Amino acid sequence: MSNQKKQSFLGGAAILAAAVVVVKFIGFFYKVPLNNILGGPGKTYFDTAYKIYNFLLTFSTAGLPLAISKLTSQAHAQGRENEKRKIFRTAIVLFFVLGTVGALFMFFQAEGLAGFLENSLAAQPIRALAPAVFCVCLLACMRGYTQGQGNMGPTAVSQVLEALCKLGVGLPLAWYILKKTQEAGNAAQLAAAGSDGMENVAAGAIFGVTVGTILSMVFLILYLLRHRDSTPSDDVPRSSGYLLRHILAIGVPITLGNCAMSIITMIDTKIILGRLQSGLGLTEVAASALKGQYSYAMDMLNMVASFVYPVAMSLIPFAAAALAQGDKRGASRTVNSAFRILALLALPAGVGLSVLARPILELLYPAKGAATLEAAAYHLEILGIGSIFVCLMALSNGILQAYGREKVPLWTLLAGGGLKIALNYLMISNPDYGIRGLPVSTLCCYALITVLNLGAIARYVPERPDYFRVF
């Protein structure tokens, strides 16, 4: 890979990372007030809806956009412009169908999905998020196409638009619904019905996500129409059926791997809330409050990981393009650059979260009581170290996928997820551990996945990274 290509990889990663910084800055003014508004139970309703959304989203978009990005970058590197455009036309039809089915299922089966996760009051937030599934499916296809050409700008802008809508629509709507809920008449009616009304507040907050995905989808459609690629080319593209099979051959193993973790997370949520209620005798609201304390810490873990995903997303098309041109040494340099960027981001951030857990949470959630902050700080002390392994998992998955080893992350995810479920089942209903066993199982899960992935890279990548020198 030429020096220009290497700079393109770093530039693409920098653009996406800069977008993450902006999105997280906007998200700070969304999530912090929102978590103070929702409280423990409301936070759990919000997170339950997001888990359903992420599962359907992962099922429909996790691996296929990466497959589009990889195939597009290979065609672009080899000058097959007609085939590159046909890849997009074939993929957009597939994503339209997947998005429609997912959105309808989430909307009409909201009560059943919430009941399955032992959190029946989460039905309204689930329904409010359903239209976003359709929009994000189309977004994923368009982002994969532009990223495959080395253009990370449209993805970055669309992500910022989503964040602005969450802040500008979701937060005011949640605050308005909370005020209406707290009125004397409404509060009495909700109490009589066995609800605290926070599920409606969570639904209002989450509706901002739906509005954001709609606006982002419109932006990318207009962008592609305005920047329609008409580069002349005499290549004869392969049939739509062949391209579709190739997309599925690459994307399905990645999708199954990500779906495995989403399914494991959903089962895990069911086990957590179920064991807290059946094993420790807590009510649904009390169990949701404990789970909400853990969710505050998980938000911090996900924040660190979000800075690494742009590196992995940028790595795949550039490494795939180098490999398509037979430049194994260039692909190896890209991988080593990605590892060094991860080390600079993840290691200090993870240690900092662990050491400064209580002060960070006190800064972000000043309205929470001392007991809630103390419990959340315990979770974050462990999850801070866990965030390092989450980052390594994300990057190592991307490396294996770029080198055509899409099935390996599926097996490592199943191994880590199985360990997490087993540990949670054994620890959470034990009064000696309870909810305090949850971050331990999460840390063990991602540590196991990371070790297995790094071992696979050492085995399958021709010019494997020197881990000691990188870190």
# chains A, B, ... in the order shown; residues from 1 in each chain; ligands from 1
>>> residues_around(residues="Phe219 in chain A", least_positions_apart="4", cutoff="9 Å", atoms="only C-alpha atoms", output="CSV table (one decimal) with C-alpha atoms, in the first residue's frame")
chain,number,residue,atom,x,y,z
A,154,PRO,CA,-21.1,11.3,4.7
A,157,VAL,CA,-22.2,14.1,9.0
A,158,SER,CA,-25.1,11.7,9.3
A,161,LEU,CA,-27.4,14.8,12.6
A,214,ILE,CA,-35.1,9.7,9.5
A,215,LEU,CA,-33.2,13.0,9.0
A,223,TYR,CA,-25.9,13.3,-0.9
A,224,LEU,CA,-25.8,10.3,-3.2
>>> residues_around(residues="Ala343 in chain A", least_positions_apart="6", cutoff="9 Å", atoms="only C-alpha atoms", output="mmCIF file with C-alpha atoms, in the first residue's frame")
data_model
loop_
_atom_site.group_PDB
_atom_site.id
_atom_site.type_symbol
_atom_site.label_atom_id
_atom_site.label_comp_id
_atom_site.auth_asym_id
_atom_site.auth_seq_id
_atom_site.Cartn_x
_atom_site.Cartn_y
_atom_site.Cartn_z
ATOM 1 C CA ILE A 388 -9.860 -2.131 27.065
ATOM 2 C CA LEU A 392 -9.413 -4.933 21.405
ATOM 3 C CA VAL A 470 2.657 -2.320 19.438
ATOM 4 C CA PHE A 471 1.460 -2.038 23.015
#
>>> residues_around(residues="Pro462 in chain A", least_positions_apart="6", cutoff="12 Å", atoms="only C-alpha atoms", output="ChimeraX atom specification")
/A:323,327-333,335,400,403,456
>>> atom_distance(atom1="CA of Arg127 in chain A", atom2="CA of Lys51 in chain A")
12.7 Å
>>> closest_atom_pairs(of="range 229-307 of chain A", to="range 423-434 of chain A", cutoff="7 Å", atoms="only C-alpha atoms", output="JSON lines")
{"residue": "A:Ile271", "atom": "CA", "partner": "A:Tyr425", "partner_atom": "CA", "distance": 6.6}
{"residue": "A:Ile272", "atom": "CA", "partner": "A:Ile428", "partner_atom": "CA", "distance": 6.8}
{"residue": "A:Arg275", "atom": "CA", "partner": "A:Ser429", "partner_atom": "CA", "distance": 5.4}
{"residue": "A:Leu276", "atom": "CA", "partner": "A:Ser429", "partner_atom": "CA", "distance": 6.1}
{"residue": "A:Gly279", "atom": "CA", "partner": "A:Ser429", "partner_atom": "CA", "distance": 4.6}
{"residue": "A:Leu280", "atom": "CA", "partner": "A:Ser429", "partner_atom": "CA", "distance": 5.9}
>>> write_last_selection(atoms="C-alpha atoms", output="PDB file, in the first residue's frame")
ATOM      1  CA  ILE A 271     -31.542 -13.744  33.263  1.00  0.00           C
ATOM      2  CA  ILE A 272     -30.450 -10.647  35.204  1.00  0.00           C
ATOM      3  CA  ARG A 275     -32.843 -13.894  38.769  1.00  0.00           C
ATOM      4  CA  LEU A 276     -33.077 -10.638  40.709  1.00  0.00           C
ATOM      5  CA  GLY A 279     -33.699 -15.504  43.218  1.00  0.00           C
ATOM      6  CA  LEU A 280     -33.585 -12.451  45.495  1.00  0.00           C
TER       7      LEU A 280
END
>>> closest_residue(among="A:Pro317, A:Pro465, A:Gly148, A:Gly386", to="Val440 in chain A", atoms="only C-alpha atoms")
A:Gly386
>>> closest_residue(among="A:Ala202, A:Ala349, A:Ile341, A:Met142", to="Ile177 in chain A", atoms="only C-alpha atoms")
A:Ala202
>>> residues_around(residues="range 41-50 of chain A", least_positions_apart="5", cutoff="10 Å", atoms="only C-alpha atoms", output="PyMOL selection string")
chain A and resi 34-36+55-57+106+110+113-114+117-130+196-206+266+269-270+284-296
>>> closest_residue(among="A:Val32, A:Leu395, A:Leu164, A:Gly112", to="Pro366 in chain A", atoms="only C-alpha atoms")
A:Val32
>>> closest_residue(among="A:Ser441, A:Thr72, A:Asn336, A:Ser354", to="Leu243 in chain A", atoms="only C-alpha atoms")
A:Thr72
>>> select_by_dssp(residues="range 198-442 of chain A", states="helix (DSSP H, G or I)", output="VMD selection string")
chain A and resid 198 to 226 240 to 278 284 to 306 309 to 324 328 to 355 357 to 364 370 to 402 408 to 427 434 to 442
>>> atom_distance(atom1="CA of Thr255 in chain A", atom2="CA of Ala422 in chain A")
23.4 Å
>>> residues_around(residues="Ile360 in chain A", least_positions_apart="4", cutoff="12 Å", atoms="only C-alpha atoms", output="list in words")
Val32, Tyr296, Ala297, Asp299, Met300, Gly352, Leu353, Ser354, Val355, Leu356, Leu364, Tyr365, Pro366, Leu373, Glu374, Ala376, Ala377, Leu380, Glu381 and Gly384 of chain A
